[in-house]
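Okay, entry24.cif now, which holds mmCIF, C-alpha atoms and all ligand atoms:
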```
data_run
#
loop_
_atom_site.label_atom_id
_atom_site.label_comp_id
_atom_site.auth_asym_id
_atom_site.auth_seq_id
_atom_site.Cartn_x
_atom_site.Cartn_y
_atom_site.Cartn_z
CA MET A 125 0.00 0.00 0.00
CA PRO A 126 1.21 3.54 -0.68
CA ILE A 127 1.66 5.52 2.51
CA SER A 128 -0.82 8.08 3.81
CA PRO A 129 1.20 11.28 4.10
CA GLU A 130 -1.04 12.57 6.92
CA GLU A 131 0.44 9.88 9.18
CA TYR A 132 3.77 11.66 8.86
CA ILE A 133 3.15 15.32 8.14
CA ASN A 134 0.45 17.86 8.81
CA PRO A 135 -1.61 17.98 5.55
CA GLU A 136 -1.56 21.78 5.40
CA THR A 137 2.20 21.84 5.82
CA PHE A 138 2.61 19.24 3.09
CA GLU A 139 0.41 21.23 0.71
CA ARG A 140 2.44 24.35 1.45
CA ILE A 141 5.68 22.52 0.78
CA LYS A 142 4.38 21.06 -2.49
CA THR A 143 3.22 24.48 -3.69
CA PHE A 144 6.53 26.06 -2.67
CA ALA A 145 8.37 23.28 -4.53
CA GLU A 146 6.35 23.46 -7.75
CA ASP A 147 8.54 25.80 -9.79
CA LYS A 148 11.90 24.59 -8.45
CA ASP A 149 14.24 22.07 -10.01
CA THR A 150 14.70 18.90 -7.97
CA PRO A 151 16.30 17.56 -5.86
CA PHE A 152 16.10 19.66 -2.71
CA LEU A 153 15.06 19.49 0.91
CA VAL A 154 12.41 21.73 2.41
CA ILE A 155 12.35 22.20 6.18
CA ASP A 156 9.32 23.52 7.98
CA THR A 157 10.73 25.35 11.00
CA ALA A 158 7.32 25.43 12.75
CA THR A 159 7.46 21.64 12.96
CA VAL A 160 10.90 21.82 14.58
CA GLU A 161 9.55 24.31 17.14
CA ARG A 162 6.60 22.02 17.86
CA ARG A 163 8.85 19.03 18.37
CA LEU A 164 11.07 21.03 20.69
CA GLU A 165 8.10 22.19 22.77
CA GLN A 166 6.85 18.63 22.97
CA LEU A 167 10.23 17.41 24.22
CA ILE A 168 10.40 20.17 26.83
CA ASN A 169 6.89 19.26 28.05
CA VAL A 170 7.75 15.60 28.24
CA PHE A 171 11.05 16.14 30.09
CA PRO A 172 10.43 19.37 32.05
CA TYR A 173 13.34 18.69 34.41
CA ALA A 174 15.98 18.17 31.70
CA SER A 175 18.46 20.52 30.02
CA ILE A 176 18.41 20.13 26.26
CA TYR A 177 21.65 20.12 24.26
CA TYR A 178 20.74 20.06 20.57
CA ALA A 179 23.00 17.60 18.67
CA VAL A 180 24.12 19.99 15.95
CA LYS A 181 25.24 17.16 13.67
CA ALA A 182 21.61 16.26 12.95
CA ASN A 183 21.18 19.47 10.98
CA PRO A 184 23.68 22.29 11.39
CA ALA A 185 21.82 24.87 9.27
CA ILE A 186 22.05 28.44 10.54
CA GLU A 187 18.24 28.69 10.48
CA ILE A 188 17.93 25.76 12.89
CA LEU A 189 20.76 26.90 15.16
CA THR A 190 19.30 30.41 15.39
CA MET A 191 15.93 29.01 16.36
CA MET A 192 17.52 26.81 19.03
CA ARG A 193 19.52 29.77 20.30
CA ASP A 194 16.38 31.88 20.65
CA LYS A 195 14.60 29.05 22.50
CA ASN A 196 17.46 28.94 25.05
CA VAL A 197 18.53 25.47 23.99
CA ASN A 198 22.15 24.38 24.62
CA PHE A 199 24.42 22.71 22.08
CA ASP A 200 26.17 19.35 21.76
CA ILE A 201 29.12 19.98 19.47
CA ALA A 202 31.28 17.48 17.57
CA SER A 203 34.09 19.58 16.04
CA ILE A 204 35.80 22.96 15.97
CA TYR A 205 33.80 23.76 12.83
CA GLU A 206 30.46 23.27 14.53
CA LEU A 207 31.84 25.28 17.44
CA ASP A 208 32.79 28.22 15.21
CA ARG A 209 29.38 28.24 13.62
CA VAL A 210 27.54 28.19 16.92
CA LEU A 211 29.76 30.87 18.47
CA SER A 212 29.33 33.05 15.38
CA LEU A 213 25.63 33.25 16.28
CA GLY A 214 26.45 34.87 19.60
CA ILE A 215 25.84 31.73 21.66
CA SER A 216 27.84 31.79 24.86
CA PRO A 217 30.32 28.95 25.53
CA ASP A 218 28.62 27.97 28.79
CA ARG A 219 25.78 26.61 26.63
CA ILE A 220 28.14 24.26 24.81
CA SER A 221 29.34 20.73 25.49
CA PHE A 222 32.11 19.10 23.44
CA GLY A 223 30.36 15.77 23.06
CA ASN A 224 32.79 13.96 20.76
CA THR A 225 35.04 11.50 22.59
CA ILE A 226 37.47 11.47 19.66
CA LYS A 227 39.34 14.75 19.48
CA LYS A 228 42.77 16.24 18.81
CA SER A 229 44.59 17.88 21.66
CA LYS A 230 44.78 21.14 19.73
CA ASP A 231 41.02 21.05 19.23
CA VAL A 232 40.45 20.65 22.96
CA ARG A 233 42.71 23.66 23.49
CA TYR A 234 40.68 25.62 20.91
CA PHE A 235 37.43 24.82 22.73
CA TYR A 236 39.03 25.80 26.03
CA GLU A 237 40.29 29.11 24.64
CA LYS A 238 36.79 29.85 23.36
CA GLY A 239 35.47 29.31 26.89
CA VAL A 240 33.97 25.79 26.71
CA ARG A 241 34.27 23.96 30.04
CA MET A 242 32.33 20.73 29.54
CA TYR A 243 33.79 17.68 27.79
CA ALA A 244 32.75 14.09 27.06
CA THR A 245 35.37 11.39 27.28
CA ASP A 246 35.72 7.60 27.27
CA SER A 247 39.47 6.90 27.34
CA GLU A 248 42.53 7.57 29.41
CA ALA A 249 44.52 9.30 26.66
CA ASP A 250 41.62 11.65 25.98
CA ILE A 251 41.23 12.51 29.67
CA ARG A 252 44.93 13.29 29.94
CA ASN A 253 44.58 15.52 26.87
CA ILE A 254 41.64 17.33 28.41
CA ALA A 255 43.50 17.79 31.71
CA ARG A 256 46.42 19.40 29.83
CA ALA A 257 44.49 21.43 27.25
CA ALA A 258 41.36 22.33 29.24
CA PRO A 259 42.48 22.30 32.91
CA GLY A 260 39.82 22.36 35.60
CA SER A 261 36.96 21.56 33.18
CA ARG A 262 33.94 19.40 33.92
CA ILE A 263 34.10 16.00 32.30
CA TYR A 264 31.53 13.28 31.86
CA VAL A 265 32.38 9.72 30.93
CA ARG A 266 30.45 7.88 28.26
CA ILE A 267 29.60 4.26 28.98
CA LEU A 268 28.82 1.43 26.59
CA THR A 269 25.18 0.43 26.43
CA GLU A 270 23.04 -2.29 24.91
CA GLY A 271 20.49 -1.52 22.26
CA THR A 272 22.26 -2.22 18.98
CA LEU A 273 19.61 -4.60 17.74
CA THR A 274 16.66 -2.34 18.45
CA ALA A 275 18.08 0.97 17.20
CA ASP A 276 17.67 1.72 13.51
CA TRP A 277 20.98 3.61 13.48
CA PRO A 278 23.08 2.06 16.28
CA LEU A 279 26.06 3.87 17.80
CA SER A 280 27.51 0.82 19.48
CA ARG A 281 31.13 -0.11 20.24
CA LYS A 282 32.82 2.94 18.73
CA PHE A 283 31.92 5.11 21.72
CA GLY A 284 31.83 4.51 25.42
CA CYS A 285 33.70 2.22 27.79
CA GLN A 286 32.89 -0.56 30.24
CA LEU A 287 31.73 0.39 33.72
CA ASP A 288 34.99 -0.45 35.53
CA MET A 289 36.90 1.66 33.07
CA ALA A 290 34.39 4.50 33.47
CA MET A 291 34.99 4.51 37.23
CA ASP A 292 38.78 4.45 36.73
CA LEU A 293 38.47 7.42 34.39
CA ILE A 294 36.35 9.41 36.81
CA ILE A 295 38.93 8.85 39.56
CA LEU A 296 41.74 9.74 37.17
CA ALA A 297 39.92 12.92 36.17
CA LYS A 298 39.75 13.98 39.80
CA ASP A 299 43.43 13.20 40.32
CA LEU A 300 44.28 15.31 37.27
CA GLY A 301 42.40 18.33 38.63
CA LEU A 302 39.34 18.01 36.40
CA ILE A 303 35.80 18.10 37.77
CA PRO A 304 34.20 14.63 37.54
CA TYR A 305 30.76 15.80 36.59
CA GLY A 306 28.69 12.88 35.35
CA ILE A 307 28.03 9.90 33.11
CA SER A 308 26.65 9.83 29.58
CA PHE A 309 25.40 7.19 27.19
CA HIS A 310 23.67 6.94 23.85
CA VAL A 311 21.43 3.93 23.41
CA GLY A 312 21.50 4.24 19.60
CA SER A 313 19.76 6.61 17.26
CA GLN A 314 16.08 5.95 16.50
CA GLN A 315 16.03 3.58 19.45
CA ARG A 316 12.70 1.79 19.32
CA GLU A 317 13.13 -0.18 22.56
CA ILE A 318 12.53 2.24 25.44
CA GLY A 319 13.84 -0.38 27.87
CA ALA A 320 17.35 0.40 26.53
CA TRP A 321 17.30 3.49 28.78
CA ASP A 322 16.26 1.39 31.76
CA ALA A 323 19.32 -0.84 31.46
CA ALA A 324 21.62 2.17 30.94
CA ILE A 325 20.19 4.18 33.86
CA GLY A 326 20.63 1.13 36.10
CA LYS A 327 24.32 1.02 35.16
CA VAL A 328 24.71 4.73 35.84
CA LYS A 329 23.13 4.33 39.26
CA GLY A 330 25.68 1.61 40.08
CA ILE A 331 28.52 3.94 39.12
CA PHE A 332 27.11 6.87 41.13
CA ASP A 333 26.75 4.70 44.25
CA ARG A 334 30.14 3.03 44.05
CA LEU A 335 32.03 6.24 43.47
CA GLU A 336 30.24 7.92 46.35
CA GLN A 337 30.77 5.05 48.78
CA GLU A 338 34.29 4.03 47.85
CA ASP A 339 35.92 7.18 46.53
CA ASP A 340 33.90 10.00 48.02
CA ILE A 341 33.08 11.35 44.55
CA ASN A 342 29.61 12.79 44.08
CA LEU A 343 28.65 12.82 40.43
CA GLN A 344 26.01 15.38 39.55
CA MET A 345 24.81 14.77 36.02
CA ILE A 346 23.41 12.08 33.72
CA ASN A 347 23.43 12.65 29.98
CA LEU A 348 20.74 10.42 28.48
CA GLY A 349 21.95 11.06 24.92
CA GLY A 350 19.73 11.09 21.86
CA GLY A 351 17.87 8.13 20.41
CA PHE A 352 14.39 9.65 20.69
CA PRO A 353 12.09 8.80 17.81
CA ALA A 354 11.30 10.35 14.47
CA ASN A 355 8.39 9.14 12.39
CA TYR A 356 9.62 6.62 9.81
CA LEU A 357 8.05 3.51 8.27
CA SER A 358 9.17 1.26 11.14
CA LYS A 359 6.94 2.36 13.96
CA ALA A 360 8.15 3.67 17.30
CA ASN A 361 6.23 4.76 20.38
CA ASP A 362 5.34 8.43 20.64
CA LEU A 363 7.54 10.87 22.49
CA GLU A 364 5.13 11.06 25.45
CA THR A 365 5.57 7.36 26.09
CA TYR A 366 9.35 7.75 25.97
CA GLY A 367 9.08 10.60 28.47
CA GLN A 368 6.83 8.72 30.88
CA GLU A 369 8.87 5.55 30.80
CA ILE A 370 12.30 7.16 31.04
CA THR A 371 11.12 9.39 33.88
CA ARG A 372 9.88 6.27 35.67
CA PHE A 373 13.25 4.55 35.17
CA LEU A 374 15.02 7.61 36.57
CA THR A 375 12.86 7.95 39.65
CA GLU A 376 13.00 4.20 40.33
CA SER A 377 16.79 4.46 40.48
CA PHE A 378 17.32 7.93 41.92
CA GLY A 379 14.09 8.82 43.73
CA ASP A 380 12.53 12.26 43.37
CA ASP A 381 15.80 14.11 43.86
CA LEU A 382 17.23 13.56 40.41
CA PRO A 383 20.75 14.54 39.39
CA GLN A 384 20.95 17.13 36.63
CA ILE A 385 19.56 15.46 33.51
CA ILE A 386 20.84 16.33 30.06
CA LEU A 387 19.31 15.24 26.74
CA GLU A 388 21.08 15.47 23.39
CA PRO A 389 18.29 15.14 20.82
CA GLY A 390 18.98 15.47 17.11
CA ARG A 391 16.81 13.27 14.93
CA SER A 392 13.64 13.57 17.03
CA LEU A 393 13.63 17.37 16.72
CA ILE A 394 14.42 17.77 13.05
CA ALA A 395 13.61 14.67 10.98
CA ASP A 396 9.85 15.06 10.71
CA ALA A 397 10.19 18.70 9.64
CA GLY A 398 11.87 17.82 6.34
CA VAL A 399 10.53 16.79 2.94
CA MET A 400 12.96 15.90 0.18
CA VAL A 401 11.51 16.72 -3.20
CA THR A 402 12.90 14.46 -5.90
CA GLU A 403 12.18 13.28 -9.41
CA VAL A 404 12.21 9.95 -11.25
CA VAL A 405 15.14 9.89 -13.70
CA LEU A 406 14.65 6.45 -15.19
CA ILE A 407 12.47 3.36 -14.83
CA ALA A 408 13.79 0.07 -16.16
CA ARG A 409 13.40 -3.69 -16.09
CA LYS A 410 16.54 -5.80 -16.19
CA SER A 411 15.08 -8.54 -18.42
CA ARG A 412 11.97 -9.33 -20.41
CA THR A 413 10.61 -11.36 -17.53
CA ALA A 414 11.94 -9.35 -14.58
CA LEU A 415 9.43 -9.13 -11.76
CA HIS A 416 10.68 -5.83 -10.39
CA ARG A 417 11.19 -2.47 -11.97
CA TRP A 418 14.18 -0.39 -11.00
CA VAL A 419 13.25 3.19 -10.23
CA TYR A 420 16.21 5.56 -10.39
CA LEU A 421 15.77 8.89 -8.66
CA ASP A 422 17.73 12.13 -8.74
CA VAL A 423 18.77 11.59 -5.09
CA GLY A 424 20.76 8.75 -3.65
CA LYS A 425 23.23 7.70 -1.01
CA PHE A 426 25.58 10.51 -1.99
CA SER A 427 23.04 13.30 -1.98
CA GLY A 428 21.84 12.96 1.58
CA LEU A 429 20.29 9.50 1.86
CA ILE A 430 23.32 7.80 3.43
CA GLU A 431 21.14 6.43 6.23
CA THR A 432 19.65 4.04 3.69
CA MET A 433 22.95 2.17 4.20
CA ASP A 434 22.03 -1.43 5.07
CA GLU A 435 18.48 -0.14 4.51
CA SER A 436 18.60 1.10 8.10
CA ILE A 437 16.25 4.06 7.95
CA LYS A 438 13.12 3.51 5.92
CA TYR A 439 11.71 6.86 4.94
CA PRO A 440 8.05 7.27 4.06
CA ILE A 441 7.89 7.89 0.30
CA PHE A 442 4.93 9.50 -1.46
CA THR A 443 4.34 9.92 -5.18
CA GLY A 444 0.87 11.36 -5.53
CA LYS A 445 0.02 8.81 -8.23
CA LYS A 446 -2.90 6.50 -7.54
CA GLY A 447 -3.79 3.01 -8.68
CA GLU A 448 -2.27 -0.43 -8.66
CA VAL A 449 1.14 -0.71 -7.00
CA GLU A 450 4.13 -2.92 -7.61
CA GLU A 451 7.31 -3.70 -5.68
CA VAL A 452 10.32 -1.78 -6.97
CA VAL A 453 14.04 -1.44 -6.36
CA LEU A 454 15.00 2.16 -5.58
CA ALA A 455 18.36 3.56 -6.60
CA GLY A 456 20.18 6.87 -6.90
CA PRO A 457 21.54 8.65 -9.98
CA THR A 458 25.34 8.22 -9.62
CA CYS A 459 27.66 5.81 -11.46
CA ASP A 460 28.36 3.88 -8.27
CA SER A 461 26.67 0.57 -7.63
CA ALA A 462 26.69 1.28 -3.89
CA ASP A 463 24.11 3.92 -4.75
CA ILE A 464 21.17 1.54 -4.35
CA LEU A 465 18.73 2.71 -1.70
CA TYR A 466 16.37 -0.21 -1.13
CA GLU A 467 16.65 -3.60 -2.77
CA ASN A 468 15.80 -6.10 -0.01
CA TYR A 469 13.01 -4.06 1.47
CA LYS A 470 10.65 -3.50 -1.43
CA TYR A 471 8.77 -0.26 -1.60
CA LYS A 472 5.49 -0.54 -3.43
CA LEU A 473 5.04 2.30 -5.89
CA PRO A 474 2.23 2.86 -8.41
CA LEU A 475 2.55 1.05 -11.71
CA ASN A 476 1.71 4.25 -13.52
CA LEU A 477 4.69 6.08 -11.96
CA ALA A 478 6.56 7.64 -14.87
CA ILE A 479 9.88 9.25 -15.68
CA SER A 480 10.00 12.88 -14.43
CA ASP A 481 7.24 12.33 -11.83
CA ARG A 482 7.92 13.87 -8.45
CA VAL A 483 8.64 11.68 -5.44
CA TYR A 484 8.45 13.14 -1.93
CA TRP A 485 10.61 11.70 0.84
CA LEU A 486 9.01 12.51 4.18
CA SER A 487 10.77 12.75 7.57
CA THR A 488 14.09 13.63 5.90
CA GLY A 489 15.07 16.72 7.93
CA ALA A 490 17.81 15.04 9.99
CA TYR A 491 21.12 13.53 8.90
CA THR A 492 20.51 14.26 5.21
CA SER A 493 21.68 17.66 3.98
CA SER A 494 24.87 17.57 6.07
CA TYR A 495 25.73 14.11 4.75
CA SER A 496 25.40 15.14 1.11
CA ALA A 497 28.67 14.82 -0.89
CA VAL A 498 30.26 17.99 -2.24
CA GLU A 499 30.58 16.90 -5.88
CA PHE A 500 30.42 13.14 -6.30
CA ASN A 501 29.90 12.51 -10.04
CA GLY A 502 29.75 16.28 -10.32
CA PHE A 503 26.38 16.55 -8.56
CA PRO A 504 26.21 19.58 -6.26
CA PRO A 505 25.31 19.16 -2.56
CA LEU A 506 21.63 18.88 -1.78
CA ALA A 507 19.93 22.30 -1.77
CA VAL A 508 17.90 23.20 1.32
CA TYR A 509 15.03 25.66 1.72
CA PHE A 510 13.33 26.76 4.91
CA ILE A 511 9.71 27.74 5.10
C1 LIG A 601 27.06 12.25 21.25
C2 LIG A 601 25.77 12.29 20.53
N1 LIG A 601 24.73 12.89 21.12
C3 LIG A 601 23.53 12.99 20.50
C4 LIG A 601 23.33 12.47 19.25
C5 LIG A 601 21.98 12.64 18.60
O1 LIG A 601 21.27 11.47 18.58
P1 LIG A 601 19.83 11.40 17.93
O2 LIG A 601 19.93 11.97 16.57
O3 LIG A 601 19.49 9.96 17.97
O4 LIG A 601 18.91 12.21 18.77
C6 LIG A 601 24.37 11.78 18.61
C7 LIG A 601 24.15 11.18 17.30
O5 LIG A 601 25.00 10.66 16.64
C8 LIG A 601 25.63 11.71 19.26
O6 LIG A 601 26.67 11.12 18.67
#
```
Represent the structure contained in this file as structure tokens.
Amino acid sequence: MPISPEEYINPETFERIKTFAEDKDTPFLVIDTATVERRLEQLINVFPYASIYYAVKANPAIEILTMMRDKNVNFDIASIYELDRVLSLGISPDRISFGNTIKKSKDVRYFYEKGVRMYATDSEADIRNIARAAPGSRIYVRILTEGTLTADWPLSRKFGCQLDMAMDLIILAKDLGLIPYGISFHVGSQQREIGAWDAAIGKVKGIFDRLEQEDDINLQMINLGGGFPANYLSKANDLETYGQEITRFLTESFGDDLPQIILEPGRSLIADAGVMVTEVVLIARKSRTALHRWVYLDVGKFSGLIETMDESIKYPIFTGKKGEVEEVVLAGPTCDSADILYENYKYKLPLNLAISDRVYWLSTGAYTSSYSAVEFNGFPPLAVYFI
């Protein structure tokens, strides 16, 4: 069955985007900033006790950052380049956390010189770097968590450390004159199993208690990461349910007197606000008897749809054509055979879909435009408009 767009986007907003898009050449992404504002308000309502650090990597557009700035949101930053952009908007460094555990010493120094005093870490070498380049700063240690199998875009293994190591690092941080501030984790992006937070919060509680009892260190903060849901084809619970459940996990472990709670949302704030407007370049069958048509679009893995890798994120796709549907293989326009979007999971698109028809990719506001290649096969980066 073709999707019903109203399950993913407000019908009025979609009409507005389609009208706006009519006289423009595809492909491009349109972001509705009112949707981002709504999602932010929803998150604040659901987690009234938490400080929000927007994960800039999800969509670093000036228009989004300015909106976040004006809503008093804080910023989770991954590089000196994101830092420069955020600071150029007049955002003060006490609203910034350097959330990347993989960083050059000179970059830590740069952050420190710009006034940033909060750093994530998960290794001894990195902590020693921070102690040298950003003396006296607050650090939080990222732990490994479960959740790989239930997150659509897992962040396993590469980041975080085991609990014993996390405690060693906290003690080392204190010895090196840093402020051991808290523990962070990320249960995986688009995490559809809310229980992943339960397991992680339980681990954090164990660390808080042991460090207090055995080392007289009182940690003050838990960073619950991102992982909150956007609206894609694979269903997730709504944000309210995440809020209720995670709040319950927190109070079960920590009682009513919670430590400072930080959230680092990216996808859940931005994804649903974006519609990628694209066009069919070619439709082909590979043999006289082939059961599936190949539909080649003017966007692909290299123009923003990298999260189709391993068919991880399944975006809702809408064509506007009606009638009988057929399973298709979807691919991008470049001369690279990795540029196939969905081959195992078969989208069903109308049989009467034709070359040059428009295809709308819903929920594409996050992790798309910033992933788009600069000139692969000569194609320019994905254009973005804000309405
Ligand atoms: C450290 C950190 N925080 C937050 C996020 C945002 O996660 P999400 O987009 O799932 O909200 C990411 C995503 O990669 C991350 O690496």
Counting all atoms listed in the file, give me one row per residue of chain A with an atom at most 7 Å from an atom of ligand LIG 601 (chain A), showing the shortest contact pair and its distance in Å to one decimal, sorted by chain then residue number, as a Markdown table.
```
| residue | atom | partner | partner_atom | distance |
| --- | --- | --- | --- | --- |
| A:Ala179 | CA | A:LIG601 | C3 | 5.0 |
| A:Ala182 | CA | A:LIG601 | O2 | 5.9 |
| A:Asp200 | CA | A:LIG601 | N1 | 6.6 |
| A:Gly223 | CA | A:LIG601 | C1 | 5.2 |
| A:Asn224 | CA | A:LIG601 | C1 | 6.0 |
| A:Leu279 | CA | A:LIG601 | O5 | 7.0 |
| A:His310 | CA | A:LIG601 | N1 | 6.6 |
| A:Gly312 | CA | A:LIG601 | O3 | 6.3 |
| A:Ser313 | CA | A:LIG601 | O3 | 3.4 |
| A:Gln314 | CA | A:LIG601 | O3 | 5.5 |
| A:Gly349 | CA | A:LIG601 | N1 | 5.1 |
| A:Gly350 | CA | A:LIG601 | O4 | 3.4 |
| A:Gly351 | CA | A:LIG601 | O3 | 3.5 |
| A:Phe352 | CA | A:LIG601 | O4 | 5.5 |
| A:Glu388 | CA | A:LIG601 | C3 | 4.5 |
| A:Pro389 | CA | A:LIG601 | O4 | 3.6 |
| A:Gly390 | CA | A:LIG601 | O4 | 3.7 |
| A:Arg391 | CA | A:LIG601 | O2 | 3.8 |
| A:Ser392 | CA | A:LIG601 | O4 | 5.7 |
```
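Here CA of Ala275 in chain A stands at a distance of 29.5 Å from CA of Arg334 in chain A.
Coordinates place CA of Ala174 in chain A at a distance of 6.7 Å from CA of Leu387 in chain A.
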Let me have the centre and edge lengths in Å, one decimal, of the box along x, y and z around every listed atom of range 271-286 of chain A with 8 Å of margin on each side, as JSON.
```
{"center_x": 25.2, "center_y": 0.3, "center_z": 21.9, "size_x": 33.0, "size_y": 25.7, "size_z": 32.8}
```
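Of note, CA of Lys227 in chain A and CA of Ala258 in chain A are spaced 12.5 Å apart.
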(message) Using all atoms listed in the file for the distances, tell me which of A:Ile341, A:Cys285, A:Ile127, A:Ala257 is nearest to Ser229 in chain A.
(response) A:Ala257
(message) Please determine, counting all atoms listed in the file, which residue among A:Glu187, A:Asp380, A:Asp218, A:Asp208 has the shortest atom-to-atom distance to Tyr173 in chain A.
(response) A:Asp380
(message) Taking 4 positions as the minimum chain separation for residues in the same chain, which residues sit within 9 Å of Asn169 in chain A when counting all atoms listed in the file? Answer as a PyMOL selection string.
(response) chain A and resi 164-165+364+367
Reconstructed N, CA and C atoms for range 222-242 of chain A, given as a short mmCIF file (atom, residue, chain, number, x, y, z; two decimals), in the coordinates of the input:
```cif
data_model
loop_
_atom_site.label_atom_id
_atom_site.label_comp_id
_atom_site.auth_asym_id
_atom_site.auth_seq_id
_atom_site.Cartn_x
_atom_site.Cartn_y
_atom_site.Cartn_z
N PHE A 222 31.36 19.77 24.51
CA PHE A 222 32.11 19.10 23.44
C PHE A 222 31.84 17.61 23.61
N GLY A 223 30.90 17.11 22.83
CA GLY A 223 30.36 15.77 23.06
C GLY A 223 31.09 14.65 22.34
N ASN A 224 32.09 14.99 21.52
CA ASN A 224 32.79 13.96 20.76
C ASN A 224 33.93 13.41 21.61
N THR A 225 33.97 12.09 21.76
CA THR A 225 35.04 11.50 22.59
C THR A 225 36.34 11.36 21.80
N ILE A 226 36.29 11.64 20.51
CA ILE A 226 37.47 11.47 19.66
C ILE A 226 37.91 12.86 19.20
N LYS A 227 38.98 13.36 19.78
CA LYS A 227 39.34 14.75 19.48
C LYS A 227 40.84 14.98 19.58
N LYS A 228 41.36 15.88 18.76
CA LYS A 228 42.77 16.24 18.81
C LYS A 228 43.01 17.14 20.00
N SER A 229 44.23 17.04 20.53
CA SER A 229 44.59 17.88 21.66
C SER A 229 44.45 19.36 21.31
N LYS A 230 44.86 19.72 20.08
CA LYS A 230 44.78 21.14 19.73
C LYS A 230 43.32 21.62 19.60
N ASP A 231 42.44 20.68 19.30
CA ASP A 231 41.02 21.05 19.23
C ASP A 231 40.44 21.26 20.63
N VAL A 232 40.89 20.44 21.58
CA VAL A 232 40.45 20.65 22.96
C VAL A 232 40.92 22.03 23.42
N ARG A 233 42.16 22.35 23.11
CA ARG A 233 42.71 23.66 23.49
C ARG A 233 41.87 24.79 22.88
N TYR A 234 41.48 24.61 21.62
CA TYR A 234 40.68 25.62 20.91
C TYR A 234 39.34 25.83 21.63
N PHE A 235 38.70 24.72 21.99
CA PHE A 235 37.43 24.82 22.73
C PHE A 235 37.66 25.57 24.05
N TYR A 236 38.76 25.20 24.72
CA TYR A 236 39.03 25.80 26.03
C TYR A 236 39.25 27.31 25.88
N GLU A 237 40.03 27.68 24.86
CA GLU A 237 40.29 29.11 24.64
C GLU A 237 39.03 29.88 24.31
N LYS A 238 38.07 29.20 23.69
CA LYS A 238 36.79 29.85 23.36
C LYS A 238 35.85 29.86 24.57
N GLY A 239 36.27 29.22 25.67
CA GLY A 239 35.47 29.31 26.89
C GLY A 239 34.64 28.08 27.23
N VAL A 240 34.78 27.00 26.44
CA VAL A 240 33.97 25.79 26.71
C VAL A 240 34.61 25.03 27.88
N ARG A 241 33.75 24.60 28.81
CA ARG A 241 34.27 23.96 30.04
C ARG A 241 33.61 22.61 30.32
N MET A 242 32.95 22.05 29.32
CA MET A 242 32.33 20.73 29.54
C MET A 242 32.69 19.78 28.40
#
```
